[in-house]
Amino acid sequence: DISFGRFNAIEGNAYISGPLATGVRARLAVTGANSDGWQYSVTRPTDRNGATSYVAGRLLVDADVSEAVKLSFNVNGWRDKSEPQAQQLIGIRTGGPQGATAARLAVTSVFAPDDARAADWSTFLTDPATGVQNPDGTFVPGTASATDFTPRADRKFYQLAMRADVELGSGITLTSLTSYSDYDQKQATDGDGNTAVTFDLQKNDGYIRSFSQELRLTNDPRGAFRWVIGANYEDSKTFEDQLLRYFDNSNYNPATAYINGSQVNNKQKFRNYALIASSAYEISQTLPFKLAARYTNSRIADENCGFTIPGGNVDKLFGTPTPTACYTFDAAFQNGPPIFQTLKEDNISWRAGIDYKITDRTLIYANVSRGYKAGSLPSLAAATFKALKPVTQESVTAYEAGIKTEFLDRVVGLNAAAFYYDYRDKQIRGKIIDNPNIFGALDTLANIPKSTIYGFEADLTIRPTQGLTLNGALTYLASEIKAGPVSPYNFDVFGRTDSFVGDDLPFTPKWSGVINADYRHEFASGGSAFVGVTTNIRAASDAVPGGSRIQFPTQAAEPNSALRPGIVHPFQNNSYATVDARLGYEGPDGAWRVMLWGKNIFNEYYWTNVIASADSAARFAGRPATYGITLAFSVK
């Protein structure tokens, strides 16, 4: 199939599959897309950003070596050079000394309107790191040159995987899963939604190299008692190389030696292994009981070096011998060597559940489980080591009960469930005040000691007449922070102490749902016409802890702060509803298809996140209305 759409978008997908030889089958699939930028610059209306450019492919080969040995191979990869999305500036709050740079930033910054396409980003700007500076931070004429800060990216990934299933006899099967993944990234992103450079990643490069191996034994799945035992092992290496620039930031002032470039190299080595066991026992044909457990042991070795570039001036402020020397202070308040940390954790996750088939078309179930998310260490150009401390593993104990049923001769289908999630040490993006307080409130990773989410979800399908299908789904979430982050992580986005007790967890809208209607009419010729409409609805949610109550400081309190008029709670995501539609015709036996389609056809304006950087608040807007045509065919 091939699609043409708004913003000169073209997207194609193709696959071919079939036998290669006796017992050998293969499938080759490719996909790719290219489009112009969908965002326009608020201050440079002819400039565009957000262009799409990617290609991906996958080759699957299955080989039946014998009746007892079956092999599956998977080779897949992609390359994505799509431009990173720019943000929409809605607020300026200078976090450092109120100097000339802060005053200029407050006056020259231009806020984005309520338009999904409107945004701003930096391009070629005079770079203080390339010039000779006067004592007041200005440049000696003719010594400074321009640097390109335009958002751009080049990301590459490939994976090699193999599965082997060997029947050992007596109904026992040995399964081996082996994979190697390789990811590389070169990227520059605008972090503030501003033409000025207040929080831009001039460099955001890195790689991931990951190997994993799993072995498991299973018995005959046709018996009343079924079991799985196994183990897996992972060995991964990651590297991040980030250069943060901020010479239009309030930190660019004589008191801080006109610092303007903080770089960090973060190398991590991961070693994880796990032991797994699960079982299912049919107490009767209508009453199976399931039980599973997993022991996981993880270790992360981290090496973090914060340094600067020639002319970045952080070396002058921290007294390091060269720009490339590590400046972050360790526990003894000495800088120079990298910060070395090791995070060792283990846990036992488990799950128990029971199903009861009331009839052939009605099932009720209940499950209780305990799960974990591994801890991690942040990549930050921090002043002291405490901003680099890891978040520990989070856990959730989940209780769920539900029903799955069909009735009226399968005209109506209903799935419904109620749940309660009890979190411990949930990981969030938080803020920390470094000591000494040079950079203001810094992003970091933080644990929330106790939080909960409870609610229900349901989806209903109705087929009232031939060709017509109606679907609806509804989810209700009630989240609450029971105990907020402890010192030194108990700061809001502005660096003010806060408990967050009683606040919602970020990105947990109270209500969300989807309504879908599809109608297909079959013709005597064998072809069929179809039409469909989908509406997605989402209530408001917090982008940060406390987002629904945090307000911007007034200009009376902070003269160099400003918020776009009409906004009360800048760190809250709005409620919205989007509508997608499609209309088309499909030839006999699905041999070909033509479809007109539109996404967000009423051009609803919404945003998915709000980021607080050092001196700004900016949104990530959802995509505007897009539309196009898709042509597809298949040949056997």
# chains A, B, ... in the order shown; residues from 1 in each chain; ligands from 1
$ residues_around --residues "Ala618 (chain A)" --least-positions-apart "5" --cutoff "7 Å" --atoms "only C-alpha atoms" --output "PDB file with N, CA, C and O atoms, in the first residue's frame"
ATOM      1  N   GLN A  87       9.049  22.745  20.565  1.00  0.00           N
ATOM      2  CA  GLN A  87       8.068  23.017  21.609  1.00  0.00           C
ATOM      3  C   GLN A  87       7.402  24.379  21.401  1.00  0.00           C
ATOM      4  O   GLN A  87       7.879  25.212  20.634  1.00  0.00           O
ATOM      5  N   GLN A  88       6.308  24.571  22.128  1.00  0.00           N
ATOM      6  CA  GLN A  88       5.569  25.830  22.099  1.00  0.00           C
ATOM      7  C   GLN A  88       5.827  26.600  23.395  1.00  0.00           C
ATOM      8  O   GLN A  88       5.406  26.172  24.473  1.00  0.00           O
ATOM      9  N   LEU A  89       6.511  27.719  23.290  1.00  0.00           N
ATOM     10  CA  LEU A  89       6.842  28.524  24.470  1.00  0.00           C
ATOM     11  C   LEU A  89       5.581  29.175  25.030  1.00  0.00           C
ATOM     12  O   LEU A  89       4.830  29.834  24.297  1.00  0.00           O
ATOM     13  N   ILE A  90       5.340  28.988  26.352  1.00  0.00           N
ATOM     14  CA  ILE A  90       4.195  29.631  26.992  1.00  0.00           C
ATOM     15  C   ILE A  90       4.593  30.452  28.211  1.00  0.00           C
ATOM     16  O   ILE A  90       3.790  31.236  28.719  1.00  0.00           O
ATOM     17  N   GLY A  91       5.830  30.302  28.708  1.00  0.00           N
ATOM     18  CA  GLY A  91       6.217  31.040  29.902  1.00  0.00           C
ATOM     19  C   GLY A  91       7.717  31.229  30.009  1.00  0.00           C
ATOM     20  O   GLY A  91       8.494  30.402  29.533  1.00  0.00           O
ATOM     21  N   ASP A 192      13.501  24.460  24.561  1.00  0.00           N
ATOM     22  CA  ASP A 192      12.822  25.567  25.237  1.00  0.00           C
ATOM     23  C   ASP A 192      11.726  26.234  24.417  1.00  0.00           C
ATOM     24  O   ASP A 192      11.047  27.125  24.908  1.00  0.00           O
ATOM     25  N   GLY A 193      11.536  25.874  23.149  1.00  0.00           N
ATOM     26  CA  GLY A 193      10.515  26.520  22.336  1.00  0.00           C
ATOM     27  C   GLY A 193      10.802  27.967  22.034  1.00  0.00           C
ATOM     28  O   GLY A 193       9.889  28.756  21.777  1.00  0.00           O
ATOM     29  N   VAL A 610       4.148  19.218  29.108  1.00  0.00           N
ATOM     30  CA  VAL A 610       4.668  20.557  29.339  1.00  0.00           C
ATOM     31  C   VAL A 610       6.008  20.408  30.054  1.00  0.00           C
ATOM     32  O   VAL A 610       6.089  19.762  31.102  1.00  0.00           O
ATOM     33  N   ILE A 611       7.042  20.984  29.469  1.00  0.00           N
ATOM     34  CA  ILE A 611       8.395  20.841  30.001  1.00  0.00           C
ATOM     35  C   ILE A 611       8.839  22.147  30.648  1.00  0.00           C
ATOM     36  O   ILE A 611       8.723  23.225  30.051  1.00  0.00           O
ATOM     37  N   ALA A 612       9.341  22.050  31.852  1.00  0.00           N
ATOM     38  CA  ALA A 612       9.937  23.202  32.535  1.00  0.00           C
ATOM     39  C   ALA A 612      11.451  23.074  32.441  1.00  0.00           C
ATOM     40  O   ALA A 612      12.041  22.207  33.086  1.00  0.00           O
TER      41      ALA A 612
END
$ select_by_dssp --residues "region 334-478 of chain A" --states "helix (DSSP H, G or I)" --output "PyMOL selection string"
chain A and resi 385-388
$ closest_atom_pairs --of "region 215-312 of chain A" --to "region 112-123 of chain A" --cutoff "12 Å" --atoms "only C-alpha atoms" --output "CSV"
residue,atom,partner,partner_atom,distance
A:Arg245,CA,A:Ser122,CA,11.3
A:Tyr246,CA,A:Ser122,CA,11.5
A:Asp248,CA,A:Ser122,CA,11.2
$ write_last_selection --atoms "C-alpha atoms" --output "compact mmCIF listing (two decimals), in the first residue's frame"
# COMPACT_ATOMS: atom_id res chain seq x y z
CA ARG A 245 23.95 25.10 25.71
CA TYR A 246 22.38 28.09 27.52
CA ASP A 248 20.71 33.20 26.53
$ atom_distance --atom1 "CA of Pro390 (chain A)" --atom2 "CA of Gln341 (chain A)"
8.7 Å
$ residues_around --residues "region 174-187 of chain A" --least-positions-apart "5" --cutoff "8 Å" --atoms "only C-alpha atoms" --output "NGL selection string"
:A and (151-168 or 202-218)
$ atom_distance --atom1 "CA of Ala352 (chain A)" --atom2 "CA of Pro288 (chain A)"
11.1 Å
$ closest_atom_pairs --of "region 337-394 of chain A" --to "region 250-273 of chain A" --cutoff "8 Å" --atoms "only C-alpha atoms" --output "Markdown table"
| residue | atom | partner | partner_atom | distance |
| --- | --- | --- | --- | --- |
| A:Ser379 | CA | A:Asn266 | CA | 6.2 |
| A:Leu380 | CA | A:Val264 | CA | 6.5 |
| A:Ala381 | CA | A:Val264 | CA | 5.4 |
$ write_last_selection --atoms "C-alpha atoms" --output "tab-separated table (two decimals), in the first residue's frame"
chain	number	residue	atom	x	y	z
A	379	SER	CA	22.44	11.67	32.72
A	380	LEU	CA	23.01	15.18	34.08
A	381	ALA	CA	25.68	17.85	33.96
$ select_by_dssp --residues "region 432-559 of chain A" --states "strand (DSSP E or B)" --output "PyMOL selection string"
chain A and resi 432-433+441-465+468-483+491+497+511-522+528-538+541-542
